[in-house]
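The structure file run-v3.csv is reproduced below (CSV, C-alpha atoms).
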```
chain,number,residue,atom,x,y,z
A,1060,MET,CA,-5.6,-14.4,-7.5
A,1061,LYS,CA,-5.9,-10.7,-7.5
A,1062,ALA,CA,-4.0,-8.7,-5.0
A,1063,HIS,CA,-3.5,-5.0,-4.2
A,1064,LEU,CA,0.0,-3.6,-3.6
A,1065,THR,CA,0.6,-0.3,-2.0
A,1066,ARG,CA,3.9,1.6,-2.0
A,1067,ARG,CA,4.6,4.8,0.0
A,1068,TYR,CA,6.8,7.7,-1.0
A,1069,ILE,CA,7.7,11.0,0.6
A,1070,PHE,CA,8.2,14.4,-1.0
A,1071,SER,CA,8.2,18.0,0.2
A,1072,ALA,CA,6.8,21.0,-1.6
A,1073,SER,CA,5.4,24.4,-1.0
A,1074,HIS,CA,2.1,25.9,-2.1
A,1075,ARG,CA,-0.3,28.8,-1.6
A,1076,LEU,CA,-4.0,28.3,-1.9
A,1077,HIS,CA,-5.4,31.2,-3.8
A,1078,CYS,CA,-8.1,31.4,-6.4
A,1079,ASP,CA,-7.8,34.4,-8.9
A,1080,GLU,CA,-11.6,34.4,-9.4
A,1081,LEU,CA,-12.2,35.2,-5.7
A,1082,SER,CA,-11.6,38.5,-4.1
A,1083,GLU,CA,-8.7,39.0,-1.6
A,1084,GLU,CA,-11.2,38.9,1.2
A,1085,GLN,CA,-13.0,35.7,-0.1
A,1086,ASN,CA,-9.6,34.0,-0.5
A,1087,ARG,CA,-8.7,34.8,3.1
A,1088,SER,CA,-12.0,33.6,4.2
A,1089,VAL,CA,-12.0,30.3,2.2
A,1090,TYR,CA,-8.3,29.3,2.6
A,1091,GLY,CA,-7.4,30.9,5.9
A,1092,LYS,CA,-3.7,30.5,6.8
A,1093,CYS,CA,-3.2,28.6,3.5
A,1094,ASN,CA,-3.7,31.9,1.7
A,1095,HIS,CA,-0.8,33.7,3.4
A,1096,PRO,CA,1.0,35.5,0.5
A,1097,HIS,CA,4.3,33.8,0.6
A,1098,GLY,CA,3.1,30.2,0.7
A,1099,HIS,CA,4.1,27.4,3.1
A,1100,GLY,CA,5.2,23.8,2.7
A,1101,HIS,CA,4.4,20.2,3.6
A,1102,ASN,CA,6.0,16.8,3.7
A,1103,TYR,CA,3.6,14.9,1.6
A,1104,ALA,CA,3.3,11.1,1.9
A,1105,LEU,CA,2.0,9.5,-1.3
A,1106,GLU,CA,0.6,6.0,-1.3
A,1107,VAL,CA,0.2,4.4,-4.7
A,1108,THR,CA,-2.1,1.3,-4.9
A,1109,VAL,CA,-1.9,-1.0,-7.9
A,1110,SER,CA,-3.7,-4.3,-8.5
A,1111,GLY,CA,-3.5,-7.3,-10.7
A,1112,GLN,CA,-3.2,-11.0,-10.8
A,1113,VAL,CA,-0.3,-12.4,-8.9
A,1114,ASP,CA,2.1,-13.8,-11.5
A,1115,ALA,CA,2.7,-17.5,-11.0
A,1116,LYS,CA,6.4,-17.3,-11.9
A,1117,THR,CA,7.4,-14.3,-9.8
A,1118,GLY,CA,4.7,-14.2,-7.1
A,1119,MET,CA,4.4,-10.5,-7.8
A,1120,VAL,CA,1.6,-8.2,-9.0
A,1121,CYS,CA,4.2,-6.0,-10.7
A,1122,ASN,CA,7.9,-5.3,-10.6
A,1123,LEU,CA,8.4,-3.0,-7.7
A,1124,VAL,CA,11.6,-1.5,-9.2
A,1125,GLN,CA,9.6,-0.5,-12.2
A,1126,LEU,CA,6.9,1.1,-10.1
A,1127,ASP,CA,9.5,3.0,-8.0
A,1128,GLU,CA,11.3,4.2,-11.1
A,1129,THR,CA,8.0,5.5,-12.6
A,1130,VAL,CA,7.0,7.3,-9.5
A,1131,ARG,CA,10.5,8.8,-9.0
A,1132,ARG,CA,10.7,10.0,-12.6
A,1133,GLU,CA,7.1,11.2,-13.1
A,1134,VAL,CA,6.0,12.3,-9.7
A,1135,LEU,CA,8.9,12.9,-7.3
A,1136,GLU,CA,11.2,14.7,-9.8
A,1137,ARG,CA,8.2,16.8,-10.8
A,1138,PHE,CA,6.9,17.8,-7.4
A,1139,ASP,CA,9.7,17.2,-4.8
A,1140,HIS,CA,11.3,20.5,-3.5
A,1141,VAL,CA,9.3,22.8,-5.7
A,1142,ASN,CA,6.7,25.4,-5.4
A,1143,LEU,CA,3.6,23.7,-6.7
A,1144,ASN,CA,2.0,27.0,-7.8
A,1145,LEU,CA,4.7,27.3,-10.4
A,1146,CYS,CA,4.2,23.8,-11.9
A,1147,PRO,CA,2.4,23.7,-15.2
A,1148,GLU,CA,-0.3,21.4,-13.7
A,1149,PHE,CA,-1.3,24.2,-11.4
A,1150,LYS,CA,-1.1,27.1,-13.7
A,1151,ALA,CA,-4.9,27.4,-13.7
A,1152,LEU,CA,-5.7,25.2,-10.8
A,1153,VAL,CA,-5.4,25.7,-7.1
A,1154,PRO,CA,-2.8,23.3,-5.7
A,1155,THR,CA,-4.9,21.8,-3.0
A,1156,THR,CA,-4.1,18.3,-2.0
A,1157,GLU,CA,-7.4,17.2,-3.6
A,1158,ASN,CA,-6.2,18.6,-7.0
A,1159,LEU,CA,-2.6,17.3,-6.4
A,1160,SER,CA,-3.9,13.7,-5.8
A,1161,GLU,CA,-6.0,13.9,-8.9
A,1162,ALA,CA,-3.1,15.2,-11.0
A,1163,ILE,CA,-0.7,12.5,-9.6
A,1164,PHE,CA,-3.3,9.8,-10.4
A,1165,HIS,CA,-3.6,10.9,-14.0
A,1166,ILE,CA,0.2,11.2,-14.4
A,1167,LEU,CA,0.7,7.7,-13.1
A,1168,LYS,CA,-2.2,6.3,-15.1
A,1169,GLN,CA,-0.6,7.5,-18.3
A,1170,ASN,CA,2.9,6.3,-17.4
A,1171,PHE,CA,2.5,3.1,-15.5
A,1172,LYS,CA,1.0,0.2,-17.5
A,1173,ALA,CA,2.4,-2.8,-15.7
A,1174,ALA,CA,-0.6,-3.1,-13.3
A,1175,HIS,CA,-4.0,-1.5,-12.8
A,1176,LEU,CA,-3.7,1.8,-10.9
A,1177,GLU,CA,-6.4,1.5,-8.2
A,1178,LYS,CA,-5.9,4.7,-6.3
A,1179,VAL,CA,-3.5,7.3,-4.9
A,1180,ARG,CA,-3.7,8.5,-1.3
A,1181,LEU,CA,-1.9,11.6,-0.3
A,1182,GLU,CA,-1.2,12.8,3.2
A,1183,GLU,CA,-0.7,16.5,3.5
A,1184,THR,CA,0.0,16.3,7.2
A,1185,ALA,CA,-0.4,13.5,9.7
A,1186,MET,CA,-4.0,14.8,10.2
A,1187,ASN,CA,-5.1,15.3,6.6
A,1188,SER,CA,-5.2,12.7,3.8
A,1189,PHE,CA,-7.0,12.5,0.4
A,1190,GLU,CA,-7.7,9.7,-1.9
A,1191,TYR,CA,-8.4,9.7,-5.6
A,1192,ASP,CA,-9.4,6.8,-7.8
A,1193,SER,CA,-10.9,6.6,-11.2
A,1194,ASN,CA,-14.5,6.0,-9.9
B,170,MET,CA,-22.1,-3.8,8.7
B,171,VAL,CA,-19.2,-3.1,11.0
B,172,TYR,CA,-15.6,-3.8,10.2
B,173,LEU,CA,-13.1,-4.8,12.9
B,174,THR,CA,-9.3,-4.9,12.4
B,175,ARG,CA,-6.9,-6.8,14.5
B,176,LYS,CA,-3.2,-6.1,14.1
B,177,CYS,CA,-0.2,-8.3,15.0
B,178,GLU,CA,3.5,-8.5,14.2
B,179,PHE,CA,5.8,-11.3,13.2
B,180,SER,CA,9.4,-11.6,12.1
B,181,ALA,CA,10.6,-14.1,9.4
B,182,SER,CA,13.2,-14.6,6.9
B,183,HIS,CA,12.8,-15.5,3.2
B,184,TYR,CA,14.4,-15.2,-0.3
B,185,TYR,CA,12.9,-14.9,-3.8
B,186,TYR,CA,14.2,-17.4,-6.2
B,187,ASN,CA,12.5,-19.3,-9.1
B,188,PRO,CA,14.4,-22.5,-9.9
B,189,GLU,CA,12.9,-22.4,-13.4
B,190,PHE,CA,14.7,-19.1,-14.1
B,191,THR,CA,18.3,-18.8,-15.0
B,192,GLU,CA,20.6,-17.2,-12.5
B,193,GLU,CA,20.6,-14.0,-14.5
B,194,GLU,CA,16.8,-13.9,-14.7
B,195,ASN,CA,16.6,-14.4,-10.9
B,196,GLN,CA,19.0,-11.6,-10.4
B,197,ARG,CA,17.2,-9.3,-12.9
B,198,VAL,CA,13.7,-10.0,-11.5
B,199,PHE,CA,14.3,-10.3,-7.8
B,200,GLY,CA,17.5,-8.3,-7.3
B,201,LYS,CA,18.9,-8.4,-3.8
B,202,CYS,CA,16.0,-10.6,-2.7
B,203,ALA,CA,17.4,-13.5,-4.8
B,204,ASN,CA,20.3,-14.0,-2.3
B,205,LEU,CA,19.9,-17.7,-1.3
B,206,ASN,CA,21.2,-17.0,2.2
B,207,GLY,CA,17.9,-15.1,2.7
B,208,HIS,CA,17.1,-11.9,4.6
B,209,GLY,CA,14.3,-11.0,7.0
B,210,HIS,CA,11.6,-8.5,7.8
B,211,ASN,CA,9.4,-7.5,10.7
B,212,TYR,CA,6.0,-8.0,9.2
B,213,THR,CA,2.8,-6.3,10.4
B,214,LEU,CA,-0.4,-8.2,9.7
B,215,GLU,CA,-3.8,-6.5,9.8
B,216,VAL,CA,-6.8,-8.8,9.6
B,217,THR,CA,-10.2,-7.2,9.0
B,218,VAL,CA,-13.4,-9.1,9.6
B,219,LYS,CA,-16.9,-7.8,9.0
B,220,GLY,CA,-20.4,-8.5,10.3
B,221,ASP,CA,-23.4,-7.2,12.1
B,222,VAL,CA,-23.0,-6.2,15.7
B,223,ASP,CA,-24.4,-8.8,18.0
B,224,PRO,CA,-27.2,-7.1,20.0
B,225,THR,CA,-26.4,-9.0,23.2
B,226,THR,CA,-22.6,-8.6,23.3
B,227,GLY,CA,-22.2,-5.5,21.2
B,228,PHE,CA,-19.4,-7.3,19.3
B,229,VAL,CA,-18.8,-8.1,15.7
B,230,VAL,CA,-16.5,-10.9,16.7
B,231,ASP,CA,-15.2,-12.4,19.9
B,232,LEU,CA,-11.7,-10.9,19.9
B,233,LYS,CA,-10.3,-13.6,22.2
B,234,LYS,CA,-11.3,-16.2,19.6
B,235,LEU,CA,-10.0,-14.2,16.7
B,236,LYS,CA,-6.7,-13.7,18.5
B,237,GLU,CA,-6.4,-17.4,19.3
B,238,ILE,CA,-6.9,-18.3,15.6
B,239,LEU,CA,-4.4,-15.7,14.5
B,240,ASN,CA,-1.8,-17.0,17.0
B,241,ARG,CA,-2.4,-20.6,16.1
B,242,GLU,CA,-2.7,-20.4,12.3
B,243,VAL,CA,-0.3,-17.5,11.5
B,244,LEU,CA,2.0,-16.5,14.3
B,245,ASP,CA,2.9,-20.0,15.6
B,246,ALA,CA,3.6,-21.1,12.0
B,247,MET,CA,5.5,-18.0,10.7
B,248,ASP,CA,6.9,-16.0,13.5
B,249,HIS,CA,10.7,-16.4,13.8
B,250,ARG,CA,10.7,-18.9,10.9
B,251,HIS,CA,12.3,-19.1,7.5
B,252,LEU,CA,9.3,-18.9,5.2
B,253,ASN,CA,10.9,-20.8,2.2
B,254,LYS,CA,12.0,-23.7,4.4
B,255,GLU,CA,9.5,-24.0,7.2
B,256,VAL,CA,6.1,-22.9,6.0
B,257,PRO,CA,4.5,-25.6,3.7
B,258,GLU,CA,2.9,-23.1,1.3
B,259,PHE,CA,6.3,-21.7,0.3
B,260,LEU,CA,8.2,-24.9,-0.2
B,261,HIS,CA,7.2,-24.6,-3.9
B,262,GLN,CA,6.0,-21.0,-4.1
B,263,ILE,CA,7.9,-17.8,-3.8
B,264,PRO,CA,7.1,-16.1,-0.4
B,265,THR,CA,6.4,-12.6,-1.8
B,266,THR,CA,4.2,-10.3,0.2
B,267,GLU,CA,1.5,-11.0,-2.4
B,268,ASN,CA,1.7,-14.7,-1.8
B,269,LEU,CA,2.0,-14.3,1.9
B,270,ALA,CA,-1.2,-12.3,2.1
B,271,ILE,CA,-3.0,-15.0,0.0
B,272,ALA,CA,-1.6,-17.8,2.2
B,273,ILE,CA,-2.7,-16.0,5.4
B,274,TRP,CA,-6.2,-15.5,3.9
B,275,ASP,CA,-6.5,-19.2,3.1
B,276,ARG,CA,-5.3,-20.2,6.5
B,277,LEU,CA,-7.8,-17.9,8.2
B,278,GLN,CA,-10.7,-18.4,5.9
B,279,SER,CA,-10.9,-22.2,6.6
B,280,LYS,CA,-10.7,-21.7,10.4
B,281,LEU,CA,-12.5,-18.5,11.0
B,282,LYS,CA,-16.1,-19.5,11.8
B,283,VAL,CA,-16.7,-16.6,14.2
B,284,ALA,CA,-16.8,-13.8,11.6
B,285,ARG,CA,-16.5,-13.1,7.9
B,286,LEU,CA,-13.1,-12.3,6.6
B,287,HIS,CA,-12.9,-9.0,4.7
B,288,ARG,CA,-9.3,-8.2,4.1
B,289,VAL,CA,-5.8,-9.4,4.9
B,290,ARG,CA,-3.2,-6.6,4.8
B,291,VAL,CA,0.5,-7.5,5.2
B,292,TYR,CA,3.2,-4.9,5.6
B,293,GLU,CA,6.6,-6.0,4.6
B,294,LEU,CA,8.0,-2.6,5.4
B,295,PRO,CA,6.3,0.6,6.6
B,296,ASP,CA,6.3,1.8,3.0
B,297,LEU,CA,5.2,-1.5,1.3
B,298,PHE,CA,2.1,-3.5,1.9
B,299,VAL,CA,-0.3,-5.9,0.1
B,300,ASP,CA,-4.1,-6.2,0.5
B,301,PHE,CA,-5.9,-9.4,-0.4
B,302,TYR,CA,-9.7,-9.5,-0.4
B,303,GLY,CA,-10.1,-13.1,-1.5
B,304,GLU,CA,-10.6,-12.2,-5.1
B,305,ALA,CA,-10.0,-14.8,-7.8
```
Mind converting the file's structure to C-alpha cells?
Amino acid sequence: MKAHLTRRYIFSASHRLHCDELSEEQNRSVYGKCNHPHGHGHNYALEVTVSGQVDAKTGMVCNLVQLDETVRREVLERFDHVNLNLCPEFKALVPTTENLSEAIFHILKQNFKAAHLEKVRLEETAMNSFEYDSN
Amino acid sequence: MVYLTRKCEFSASHYYYNPEFTEEENQRVFGKCANLNGHGHNYTLEVTVKGDVDPTTGFVVDLKKLKEILNREVLDAMDHRHLNKEVPEFLHQIPTTENLAIAIWDRLQSKLKVARLHRVRVYELPDLFVDFYGEA
C-alpha cells in the first residue's frame, strides 16, 4: 500500500524582494512593501510530503528520524535565521516564496533518497502558501 | 466533481514494536515509540469524499450519514482505546500513522455507500500526518 507522509517544520528568515533588471520604480510597483530597502522577515512553515510503500516490517513509509535529520541539516541550517538574499541560492534569484519552495524541493530531492519526494508546501504567513512538486 | 471533508478527533494509545526484531533493532528503528508501556496521541482524522452535487439536495453526501458511519466504524472502535490491544487490525500489525490511515480507509470503504471515498488523512501531531488515497 502506498501512503503519503507529511512533516511540518518552522524556520525564520528575512528577505527583500528586488530584481536588479527592473528600475527602482518598477521594483516598488511590482513588490510593494516587500521592496522596502532593509528587508523584512517571516516565520515560514515548511511541509515536506514523501510517499512510498508502507514497509511490512516497520509499518512506515520511511524513517522519520532520517527525514528530520535531512531537513534539519540541508534546509533549516541553511535558511533558519539568515537573510535569504545573501544565500548562494538567491545570488541571482529573487527570494520569493515561490523560488524558495522550488529551491527547497531540489535540495531535498538531492539529499533524501529513502522515499519519493512528492512536494513541498511553504507558508510565508498564515494567509499565503506555495506548493512545488516535480510536475 | 466536488470534494467534501469531515473532520473528527480521537485519542488513543499505542506502541511500535516488531516481535521479529531484536530488542536493539526495535530501539533503533522505533526509538521512544518502542516502550511497551505505550504512549498516546490526540489524533485528528479528516475524511474526504467526492461526488457530483445532487440537484435536489445540493449535497455531495448526507453529512448525518457520513457522521454516523465515522462514529460507528472509527470513533467507537478507536477513541480512548489502546490500538495494539483493542483494535483487531493492530493485534498483529504495528499501529503507525501509515497503517492507521490504511485501516481507517478499509473500514470506511466497505461501509460507505453514500459517497466515494477520496482521501483519509490522519494527524498524529499537528506537525505529522499521513494521507492515504487507496493506492496499492
**OP:** With a distance cut-off of 6 Å and only C-alpha atoms, select the neighbouring residues of B:Tyr185, excluding the residue or stretch itself and same-chain residues fewer than 4 positions from it, and output the selection as an MDAnalysis selection string.
**Re:** chainID B and resid 202:203 263
9 Å contact set for stretch 298-303 of chain B, only C-alpha atoms, chain neighbours under 3 positions out, as a PDB file with C-alpha atoms, in the coordinates of the input:
```pdb
ATOM      1  CA  MET A1060      -5.600 -14.400  -7.500  1.00  0.00           C
ATOM      2  CA  LYS A1061      -5.900 -10.700  -7.500  1.00  0.00           C
ATOM      3  CA  ALA A1062      -4.000  -8.700  -5.000  1.00  0.00           C
ATOM      4  CA  HIS A1063      -3.500  -5.000  -4.200  1.00  0.00           C
ATOM      5  CA  LEU A1064       0.000  -3.600  -3.600  1.00  0.00           C
ATOM      6  CA  THR A1065       0.600  -0.300  -2.000  1.00  0.00           C
ATOM      7  CA  ARG A1066       3.900   1.600  -2.000  1.00  0.00           C
ATOM      8  CA  ARG A1067       4.600   4.800   0.000  1.00  0.00           C
ATOM      9  CA  THR A1108      -2.100   1.300  -4.900  1.00  0.00           C
TER      10      THR A1108
ATOM     11  CA  THR B 213       2.800  -6.300  10.400  1.00  0.00           C
ATOM     12  CA  THR B 266       4.200 -10.300   0.200  1.00  0.00           C
ATOM     13  CA  GLU B 267       1.500 -11.000  -2.400  1.00  0.00           C
ATOM     14  CA  LEU B 269       2.000 -14.300   1.900  1.00  0.00           C
ATOM     15  CA  ALA B 270      -1.200 -12.300   2.100  1.00  0.00           C
ATOM     16  CA  ILE B 271      -3.000 -15.000   0.000  1.00  0.00           C
ATOM     17  CA  TRP B 274      -6.200 -15.500   3.900  1.00  0.00           C
ATOM     18  CA  ASP B 275      -6.500 -19.200   3.100  1.00  0.00           C
ATOM     19  CA  LEU B 286     -13.100 -12.300   6.600  1.00  0.00           C
ATOM     20  CA  HIS B 287     -12.900  -9.000   4.700  1.00  0.00           C
ATOM     21  CA  ARG B 288      -9.300  -8.200   4.100  1.00  0.00           C
ATOM     22  CA  VAL B 289      -5.800  -9.400   4.900  1.00  0.00           C
ATOM     23  CA  ARG B 290      -3.200  -6.600   4.800  1.00  0.00           C
ATOM     24  CA  VAL B 291       0.500  -7.500   5.200  1.00  0.00           C
ATOM     25  CA  TYR B 292       3.200  -4.900   5.600  1.00  0.00           C
ATOM     26  CA  GLU B 293       6.600  -6.000   4.600  1.00  0.00           C
ATOM     27  CA  LEU B 294       8.000  -2.600   5.400  1.00  0.00           C
ATOM     28  CA  PRO B 295       6.300   0.600   6.600  1.00  0.00           C
TER      29      PRO B 295
END
```
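Across A:Asp1192, A:Glu1106, A:Glu1136, A:Glu1128, the tightest approach to chain B is made by A:Glu1106 when counting only C-alpha atoms.
As for atom CA of B:Val216 and atom CA of B:Asn268, they are spaced 15.4 Å apart.
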**OP:** For chain A, report every residue with an atom at most 12 Å from chain B (counting all atoms listed in the file), formatted as a ChimeraX atom specification.
**Re:** /A:1060-1069,1104-1127,1177
Residue subset to file, keeping C-alpha atoms, as a compact mmCIF listing (two decimals), in the coordinates of the input:
```txt
# COMPACT_ATOMS: atom_id res chain seq x y z
CA MET A 1060 -5.60 -14.40 -7.50
CA LYS A 1061 -5.90 -10.70 -7.50
CA ALA A 1062 -4.00 -8.70 -5.00
CA HIS A 1063 -3.50 -5.00 -4.20
CA LEU A 1064 0.00 -3.60 -3.60
CA THR A 1065 0.60 -0.30 -2.00
CA ARG A 1066 3.90 1.60 -2.00
CA ARG A 1067 4.60 4.80 0.00
CA TYR A 1068 6.80 7.70 -1.00
CA ILE A 1069 7.70 11.00 0.60
CA ALA A 1104 3.30 11.10 1.90
CA LEU A 1105 2.00 9.50 -1.30
CA GLU A 1106 0.60 6.00 -1.30
CA VAL A 1107 0.20 4.40 -4.70
CA THR A 1108 -2.10 1.30 -4.90
CA VAL A 1109 -1.90 -1.00 -7.90
CA SER A 1110 -3.70 -4.30 -8.50
CA GLY A 1111 -3.50 -7.30 -10.70
CA GLN A 1112 -3.20 -11.00 -10.80
CA VAL A 1113 -0.30 -12.40 -8.90
CA ASP A 1114 2.10 -13.80 -11.50
CA ALA A 1115 2.70 -17.50 -11.00
CA LYS A 1116 6.40 -17.30 -11.90
CA THR A 1117 7.40 -14.30 -9.80
CA GLY A 1118 4.70 -14.20 -7.10
CA MET A 1119 4.40 -10.50 -7.80
CA VAL A 1120 1.60 -8.20 -9.00
CA CYS A 1121 4.20 -6.00 -10.70
CA ASN A 1122 7.90 -5.30 -10.60
CA LEU A 1123 8.40 -3.00 -7.70
CA VAL A 1124 11.60 -1.50 -9.20
CA GLN A 1125 9.60 -0.50 -12.20
CA LEU A 1126 6.90 1.10 -10.10
CA ASP A 1127 9.50 3.00 -8.00
CA GLU A 1177 -6.40 1.50 -8.20
```
Original post:
Do you know which residues are at most 9 Å from stretch 1075-1086 of chain A counting all atoms listed in the file, after dropping those on the same chain fewer than 2 positions away, and could you put them as number ranges by chain?
Top reply: A: 1073, 1088-1100, 1142-1144, 1151-1155
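Contact shell of A:Ile1166 at 12 Å (only C-alpha atoms; same-chain neighbours under 2 positions omitted): A:Val1107, A:Thr1129, A:Val1130, A:Arg1131, A:Arg1132, A:Glu1133, A:Val1134, A:Leu1135, A:Arg1137, A:Phe1138, A:Glu1148, A:Leu1159, A:Ser1160, A:Glu1161, A:Ala1162, A:Ile1163, A:Phe1164, A:Lys1168, A:Gln1169, A:Asn1170, A:Phe1171, A:Lys1172, A:Leu1176, A:Val1179.
You will find atom CA of B:Phe228 at 14.7 Å from atom CA of B:Lys282.
Using all atoms listed in the file, the residues found no farther than 8 Å from B:Tyr172, other than those of its own chain fewer than 4 positions away, are Thr217, Val218, Lys219, Gly220 and Val229 of chain B.
We find atom CA of B:Gly209 and atom CA of B:Glu178 to be spaced 13.2 Å apart.
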Subject >> Residue nearest B:Glu242 among B:Lys176, B:Lys280, B:Arg197, B:Arg285 (counting only C-alpha atoms) >> reply: B:Lys280
